[in-house]
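For reference, the structure is listed below as structure tokens.
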2 protein chains.
Amino acid sequence: MSSDTQKVSPEELEKIDAYWRAANYLSVGQIYLRDNPLLRDPLKLEHVKQVLLGHWGTTPGQNFIYAHLNRIINQYDLDMIYISGPGHGGPALVGNTYLEGTYSEIYPEITLDAEGLKRLFKQFSFPGGIPSHVSPECPGSMHEGGELGYSLSHAFGAAFDNPDLMVACIIGDGEAETGPLATAWHSNKFLHPAKDGVVLPILHLNGYKIANPTIFARIGKEEMDNLMKGYGWKPFWVDGEDPAYMHQRMATVLDEVIAEIKTIKEAAVNNEQFGRPTWPMIILKSPKGWTGPKEVDGLKVEGSFRAHQVPLSDPAHNPEHLAQLEKWLQSYKPEELFDEKGKLLAEWQELAPKGDRRMGANPHTNGGALMRDLRMPDFRTYALDINMRSMPGPGDTKVLGGFIRDIIKLNMHNFRVFGPDETLSNRLNKVFEATGRQWIADTFEEDEFLKKEGRVLEVLSEHQCEGWLEGYVLTGRHGLFNCYEAFIHIIDSMFNQHAKWLKMTSEISWRKKLPSLNILLASHVWRQDHNGFTHQDPGFIDHVVNKKASVVRVYLPPDANCLLSTMDHCLKSRHYVNVVIAGKHTSPQWLNMNEAITHCTKGIGIWPWASNDEGIEPDVVMACAGDVPTLETLAAVSILRNKLPDLKIRVINIVDLMRLQPASEHPHGLSDIDFDVLFTKNKPVIFAFHGYPWLIHRLTYRRTNHHNIHVRGYKEEGTITTPFDMTVLNQMDRFSLVQDVLNRLPQLGERTAYIKEDMKNKHIEHKNYIRKHGIDMEEVRNWKWELS
Amino acid sequence: MSSDTQKVSPEELEKIDAYWRAANYLSVGQIYLRDNPLLRDPLKLEHVKQVLLGHWGTTPGQNFIYAHLNRIINQYDLDMIYISGPGHGGPALVGNTYLEGTYSEIYPEITLDAEGLKRLFKQFSFPGGIPSHVSPECPGSMHEGGELGYSLSHAFGAAFDNPDLMVACIIGDGEAETGPLATAWHSNKFLHPAKDGVVLPILHLNGYKIANPTIFARIGKEEMDNLMKGYGWKPFWVDGEDPAYMHQRMATVLDEVIAEIKTIKEAAVNNEQFGRPTWPMIILKSPKGWTGPKEVDGLKVEGSFRAHQVPLSDPAHNPEHLAQLEKWLQSYKPEELFDEKGKLLAEWQELAPKGDRRMGANPHTNGGALMRDLRMPDFRTYALDINMRSMPGPGDTKVLGGFIRDIIKLNMHNFRVFGPDETLSNRLNKVFEATGRQWIADTFEEDEFLKKEGRVLEVLSEHQCEGWLEGYVLTGRHGLFNCYEAFIHIIDSMFNQHAKWLKMTSEISWRKKLPSLNILLASHVWRQDHNGFTHQDPGFIDHVVNKKASVVRVYLPPDANCLLSTMDHCLKSRHYVNVVIAGKHTSPQWLNMNEAITHCTKGIGIWPWASNDEGIEPDVVMACAGDVPTLETLAAVSILRNKLPDLKIRVINIVDLMRLQPASEHPHGLSDIDFDVLFTKNKPVIFAFHGYPWLIHRLTYRRTNHHNIHVRGYKEEGTITTPFDMTVLNQMDRFSLVQDVLNRLPQLGERTAYIKEDMKNKHIEHKNYIRKHGIDMEEVRNWKWELS
């Protein structure tokens, strides 16, 4: 720990203090005032909002940090962004971006004068105004702060491949209790000190949450130090409440920290054999609701949980509260801060950086503005040559691996692959022909693919993978998260917030479109035969389609060529979350590349070579979505066409699940007329689906022929068993599908009885066989499509 | 760190080693063999399974730990259970529970002889057999190990209120990278050393995940020590690979650890002013795949990621693999371990504890066996007296608080409330009249309700709350998790695993039914008007209903009396996850207690006092589920009945959402006949729903009148605004509902045009009013039900 030798001049500290007071004043103003913004009249009840909503507690600390960061940005010409982990500190970020001028540039009606101040105050937490957290509306924000836990992961995501960027990440001590944040500290084992940017965590030991103390505030300095050292950081404390001392101390620490960072980066630039750096981080311990009312109604407020939201809660009925509010606002001496018109005085304004150096204007926080398109190889060149329908492929994701490898080669600083230790397990092996796994900790001889610089980031935390990728995408770069299907639910809530961010930013004119966030779910529900029931859950799709149709897409490519075409489309798309579900095991291939492109472009279509209803209305439609459902459907079609050659079957395959929804509900939705043409108005539809069967009903319930759609899918039946048995347990296997068809075609009469009997016998035969041999019977394992 | 002075006798160590070798032998046998279990014939290909599935890597380390824990159980007469964090170590736990005899007691066909061994081996990871992880089928397991991250939270949940229990929690270094595990270490700030049990974490530094090294294995001993000290633990290292040394070291460390634990517990028993203890934990650093093949095909296996699953992968095509497998099995010297019949020799058998002291037989791991019913106060005595329909209540959860308080009083060691710092925010204030928040870290004067012993556990981690509660419930106790609705998605994946555990255990005859896991979602989507869009997500219901109908229940009580009745039912229920969604703000009350009981018992019903269709078929059905939808529906009904007195309206309220499903799909489902009687076969149904509207379609698509059901609900529109405006933005407000009704009743003709116009004007009036005043207009805020 360093000494407090004074380096920053008293004049500079005075400037910082004035700026801080101005930001604090604006913060209190936002929470309370709808008029009299400069307090030039005595404060009256009608100047105060009727409903008081906001979070004061974290705000003065964040204002303090912001002001000090402004100084070092100027002093060292830093390219710095600010991530607000304690997300409800909206007034701080709004106030600071207003002071530095960015707010008015973006929202010209919020002028830099008394009238603008009044508007700034009124809009906060007010109908038609802005939220109380650091929301997409706030310039300089790239981090949705509603739910807590992801600030540090986002910070690292932003820093990767931005060697000149410094990300100040303010972490609340409440947020620090969450699991995702608790593991995000380990991100320092993955950051390349020369090729990536810097993350400067500032843990704000604010002391309290809504109603409880925080853990970190009650374990003492030694444990706190040990914890940060254990996480591989070097902690610097800024601890106190006297502003004069705290300004001096914070300034000194920031100078020291910048010096350490410089040393680390230079060492890595000059020596490729650099060891893992111990990056500095700051622990700012200051009272919650700092500079606010010390006591209200006889109870301690500043420095307690009572400062969390609105310290003076009832000025309307309690004149004492109103008087205290006025005194509180006056304590910042607004008359020393703002000029006659209501603008910050020029002498304080100097503290704000200029142009894009202002944290509110830094283009990294509006990542679409910096986005460069990916350089894409031609996906067609990775095509599998299909010499026969149902030809066994090497595993669809394995084929995809070559395409991803070459995307990596062409985009060495603009694309990354993220995964929880599963990139190999998901059979994307070929990416390691072009790159390694980035890893800055120790390596041993027997390690594979670990490199100081690599395009793949793997950690056993889906939260981290998703959070890093979000940060990477939010700052305008491209990426792919590969994950086991069942465990993607771990990030359900993170997906929610990202989807909400996409929805909101698409409605804000100055926000540019972002690269899509791409999720590849391999190791899916139907091939968890050896991991069993816990690894079986296809419900992420259900979760995704609850979000705004304009920002979500779900794809189920049935084979490798379709997967290539789909992934090409996803990686070129903008401002979506794309979810792609694909198999990794060897599995039958259906379409050559041209067919695949046509099919994926339409997203849904009849497979004429599998159907025999050409030119006429079919007797039955057999629909399928997903690789395993497609296989079982086609195997069922073979049985039916062999046994009942006059039965007219139409086979429909769905790649783009959103095609099923009405056009009114989703931009990809088929028109009702097109849907009727495909699915008929009155014929039975047997639909084999990758996920939970009811999702198909939810997507199609408005369609003409909906009451004839019979869906098979995963219905929570599974265990350790053979791949084919998984489909049997869920009645989605070929023998069940044949029975489903026959049961819905009573007009065929008695001549189908023997077929149904046959199918039941097949089930018994199958059961007996696997119990004995532990593998699927020959007939199933080696099934081939043999119709023309 | 202590010295390695020898305390445990060589004879004892020899016994431990033999037991360990036997467990290792059984583990390899399970992964590979289907015959020749004692290797009494030369190993041939036909003795080996055709498909090799299993996880060797973690297994020998877990066998090592299990054997050593057996010794201290005997030595100190410990009541100990074993939680296997690295969940795929199934062969270890199955093997050990077989050796100690519990396995054969539960599964008599798996006898303690060669024939039983053969069956034990064959069933592993085999169709019709058992999964490869420590699954519900495995005795001694209370922790579903499919997804990683929750072992330590479960361990603490098991330890709360079990003062004599010691929970050995084996944590994989892969699992330790997950967020939930990373924050679970802080649970030690919540455990009462005298009133709760002990958690002994054993971090297994196994070195590798599937394909990568683990972070913890590559940060060095000093950082690892700092990290554990920072988390508030005292680490003890057992580090090496030579079995002789490791046995001695592990035994010594365990003796030291037990002594420390004893000291801590005694100090707390003798002195109420005890400080927060620094509990011991063990770091076991041993090679991955310890004692397995050192090298296969020229590549390092033992001590590398290649040992993760099946080290010798291809004995069928590689005779070298088969020979290596035989050598490997022989290396454990089975002839010294098993008698002629194939039973473990008595001299080694002595290491196994007796009866319920065996970890596989400990009743805490079959929690239903220990479960005591809650002593329940009469919920009727907390009823709100309803003197008028729509009477404003104080907030439904606030009323519930009194009931929960008294449940706490009556069940001081059998019931707990969990929450992420939101118990007060969710208005369960009254619980603090009976108890405090349990908190073992420092306290300050201004703190509220913090106590060393308390029934409420609050930490800002939904993962922890859910994990603790799961552990508490899995060991047979009762609890309630209160959470903001939007952020319950954080534990989607944990819910999945718990629901799967419930489904599987309900199919296992020796597993007893567990207390239900109860989740109360207050602070719901419709009243996040001041937190905004990020806090709005009612999709947890959608997630829940994907799981097996037999284990999930969803309730939407419309008022306080219904909430009391519902919660009484949930807390008395068994083996479900109950999700209850209720409001915390002051809101209208509808039913007196008798009506509420009748209504909640049926779960769905016509509200005759709100309807005017008595004795005849209605013109329209207005259905509602949830407190806010109920309010808006009744307000719409008032408007309609006032303006069109001859319009016959039936009002249906749904408390138990599962009543909407067909009886064939859910045990609570209404029969089709009952559904038709309620909802008619052909009248328009306007349904105001708490959640995403399409969920109602998914639940009702098979119903006769489904095509006439028009649902309003949350459709991802929201921001900071007024409570009523939230319903307007999503078109679920009274004025929209009136228009919905009229639009579906064209037979009313032109006389409704002015009403529609009126409703549109109300929307404009509302918009203008809130923009000006920031609150809802008088007419809405003070609306009352004034019909008879």
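For the structure tokens, the naming scheme is as follows: chains receive sequential letters (A, B, ...) according to their order of presentation, residues are indexed from 1 within each chain, and ligands are indexed from 1 in presentation order.
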
Based on only C-alpha atoms, which of the residues in chain A come within 6 Å of chain B? I want them as a CSV table (one decimal) with N, CA, C and O atoms, in the first residue's frame.
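File written: selection.csv
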```
chain,number,residue,atom,x,y,z
A,125,SER,N,-37.5,9.2,-13.4
A,125,SER,CA,-38.4,8.4,-12.7
A,125,SER,C,-39.8,9.0,-12.8
A,125,SER,O,-40.6,9.0,-11.8
A,126,PHE,N,-40.2,9.4,-14.0
A,126,PHE,CA,-41.5,10.1,-14.2
A,126,PHE,C,-42.1,9.5,-15.5
A,126,PHE,O,-41.4,9.2,-16.4
A,127,PRO,N,-43.4,9.3,-15.5
A,127,PRO,CA,-44.1,8.8,-16.7
A,127,PRO,C,-43.6,9.6,-17.9
A,127,PRO,O,-43.6,10.8,-17.9
A,131,PRO,N,-35.9,5.9,-16.8
A,131,PRO,CA,-35.9,5.0,-15.6
A,131,PRO,C,-34.9,5.5,-14.6
A,131,PRO,O,-34.1,6.4,-14.8
A,146,GLY,N,-30.4,-3.3,-14.3
A,146,GLY,CA,-31.6,-3.7,-13.5
A,146,GLY,C,-31.3,-4.8,-12.5
A,146,GLY,O,-31.4,-4.7,-11.3
A,177,GLU,N,-22.1,-9.8,-3.9
A,177,GLU,CA,-22.6,-11.1,-3.3
A,177,GLU,C,-23.2,-12.0,-4.3
A,177,GLU,O,-23.3,-13.2,-4.0
A,178,THR,N,-23.5,-11.6,-5.5
A,178,THR,CA,-24.1,-12.5,-6.4
A,178,THR,C,-23.0,-13.5,-6.9
A,178,THR,O,-21.8,-13.2,-7.0
A,179,GLY,N,-23.5,-14.6,-7.4
A,179,GLY,CA,-22.6,-15.7,-7.9
A,179,GLY,C,-21.8,-15.2,-9.1
A,179,GLY,O,-20.6,-15.3,-9.1
A,180,PRO,N,-22.5,-14.7,-10.1
A,180,PRO,CA,-21.8,-14.3,-11.3
A,180,PRO,C,-20.7,-13.3,-11.1
A,180,PRO,O,-19.6,-13.4,-11.6
A,182,ALA,N,-19.1,-13.0,-8.2
A,182,ALA,CA,-18.1,-13.6,-7.4
A,182,ALA,C,-17.1,-14.4,-8.2
A,182,ALA,O,-15.9,-14.5,-7.8
A,183,THR,N,-17.5,-14.9,-9.3
A,183,THR,CA,-16.5,-15.7,-10.1
A,183,THR,C,-15.9,-14.8,-11.2
A,183,THR,O,-14.8,-15.1,-11.7
A,218,ARG,N,-18.5,-6.2,6.3
A,218,ARG,CA,-18.5,-6.7,7.6
A,218,ARG,C,-17.5,-7.8,7.9
A,218,ARG,O,-17.6,-8.6,8.8
A,223,GLU,N,-9.5,-9.7,5.7
A,223,GLU,CA,-10.2,-10.7,4.9
A,223,GLU,C,-10.4,-10.2,3.5
A,223,GLU,O,-10.3,-10.9,2.5
A,224,MET,N,-10.9,-8.9,3.5
A,224,MET,CA,-11.1,-8.3,2.2
A,224,MET,C,-9.9,-8.3,1.3
A,224,MET,O,-9.9,-8.6,0.1
A,226,ASN,N,-7.3,-10.2,1.7
A,226,ASN,CA,-6.9,-11.6,1.3
A,226,ASN,C,-7.8,-12.1,0.1
A,226,ASN,O,-7.3,-12.8,-0.8
A,227,LEU,N,-9.1,-11.7,0.2
A,227,LEU,CA,-10.0,-12.2,-0.9
A,227,LEU,C,-9.5,-11.6,-2.2
A,227,LEU,O,-9.4,-12.4,-3.2
A,230,GLY,N,-6.4,-13.2,-3.3
A,230,GLY,CA,-6.7,-14.6,-3.7
A,230,GLY,C,-7.3,-14.7,-5.1
A,230,GLY,O,-7.1,-15.6,-5.8
A,442,ASP,N,-0.7,-20.2,-15.3
A,442,ASP,CA,0.3,-21.2,-15.6
A,442,ASP,C,-0.1,-22.3,-16.6
A,442,ASP,O,-1.3,-22.6,-16.7
A,460,LEU,N,-15.4,-22.5,-16.8
A,460,LEU,CA,-16.6,-23.3,-16.4
A,460,LEU,C,-17.6,-22.4,-15.7
A,460,LEU,O,-17.9,-22.6,-14.5
A,461,SER,N,-18.1,-21.5,-16.4
A,461,SER,CA,-19.2,-20.6,-15.9
A,461,SER,C,-19.9,-20.0,-17.1
A,461,SER,O,-19.4,-19.2,-17.8
A,489,HIS,N,-29.9,-22.6,-19.6
A,489,HIS,CA,-30.9,-22.0,-18.7
A,489,HIS,C,-30.2,-21.2,-17.6
A,489,HIS,O,-30.8,-20.4,-16.9
A,490,ILE,N,-28.9,-21.6,-17.3
A,490,ILE,CA,-28.1,-20.8,-16.3
A,490,ILE,C,-28.2,-19.3,-16.6
A,490,ILE,O,-28.2,-18.5,-15.7
A,493,SER,N,-31.7,-15.4,-17.3
A,493,SER,CA,-31.9,-14.1,-16.8
A,493,SER,C,-31.0,-13.1,-17.5
A,493,SER,O,-31.4,-11.9,-17.7
A,534,THR,N,-30.6,-35.2,-16.1
A,534,THR,CA,-30.3,-33.8,-15.7
A,534,THR,C,-29.8,-33.0,-16.9
A,534,THR,O,-29.8,-31.8,-16.8
A,698,ARG,N,-48.3,-23.3,-29.0
A,698,ARG,CA,-48.3,-21.9,-28.7
A,698,ARG,C,-48.0,-21.0,-29.9
A,698,ARG,O,-48.5,-19.9,-30.1
A,720,ILE,N,-30.2,-42.4,-18.6
A,720,ILE,CA,-29.1,-43.1,-19.4
A,720,ILE,C,-29.7,-44.2,-20.2
A,720,ILE,O,-30.2,-45.1,-19.7
A,721,THR,N,-29.6,-44.0,-21.5
A,721,THR,CA,-30.1,-45.1,-22.4
A,721,THR,C,-29.5,-44.8,-23.8
A,721,THR,O,-28.6,-44.0,-23.9
A,771,ARG,N,-31.6,-53.7,-23.6
A,771,ARG,CA,-31.3,-54.2,-22.3
A,771,ARG,C,-30.2,-55.3,-22.3
A,771,ARG,O,-29.5,-55.4,-21.4
A,774,GLY,N,-27.0,-53.0,-24.8
A,774,GLY,CA,-26.6,-51.7,-24.4
A,774,GLY,C,-26.4,-50.8,-25.6
A,774,GLY,O,-26.0,-49.6,-25.5
```

(message) Residues within 12 Å of Glu272 (chain B), please, as a list of chain:residue names. Count only C-alpha atoms; anything in the same chain fewer than 6 positions from it doesn't count.
(response) B:His192, B:Pro193, B:Ala194, B:Lys195, B:Lys265, B:Glu266, B:Ile440, B:Lys451, B:Lys452, B:Glu453

(request) Could you find all residues in region 495-548 of chain B that DSSP calls helix (DSSP H, G or I) from the backbone, and write them as a PyMOL selection string? (result) chain B and resi 495-506+525-527+533-535+540-544

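Distance annotation: of A:Ile258, A:Ala623, A:Val199, A:Ala522, the residue with the minimal separation from Gly713 (chain A) is A:Ala623; atom set is only C-alpha atoms.
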
(request) Find, counting only C-alpha atoms, the residue in A:Ile404, A:Ile508, A:Val545, A:Val296 that gets nearest to Gly479 (chain A). (result) A:Ile404

(request) Excluding region 581-590 of chain B and any residue of its chain fewer than 2 positions from it, enumerate the residues within 9 Å of it, using only C-alpha atoms, and give them as a VMD selection string. (result) chain B and resid 384 386 388 to 398 425 to 428 485 519 to 524 526 to 527 554 to 561 563 579 592 596 626 to 628 631 784
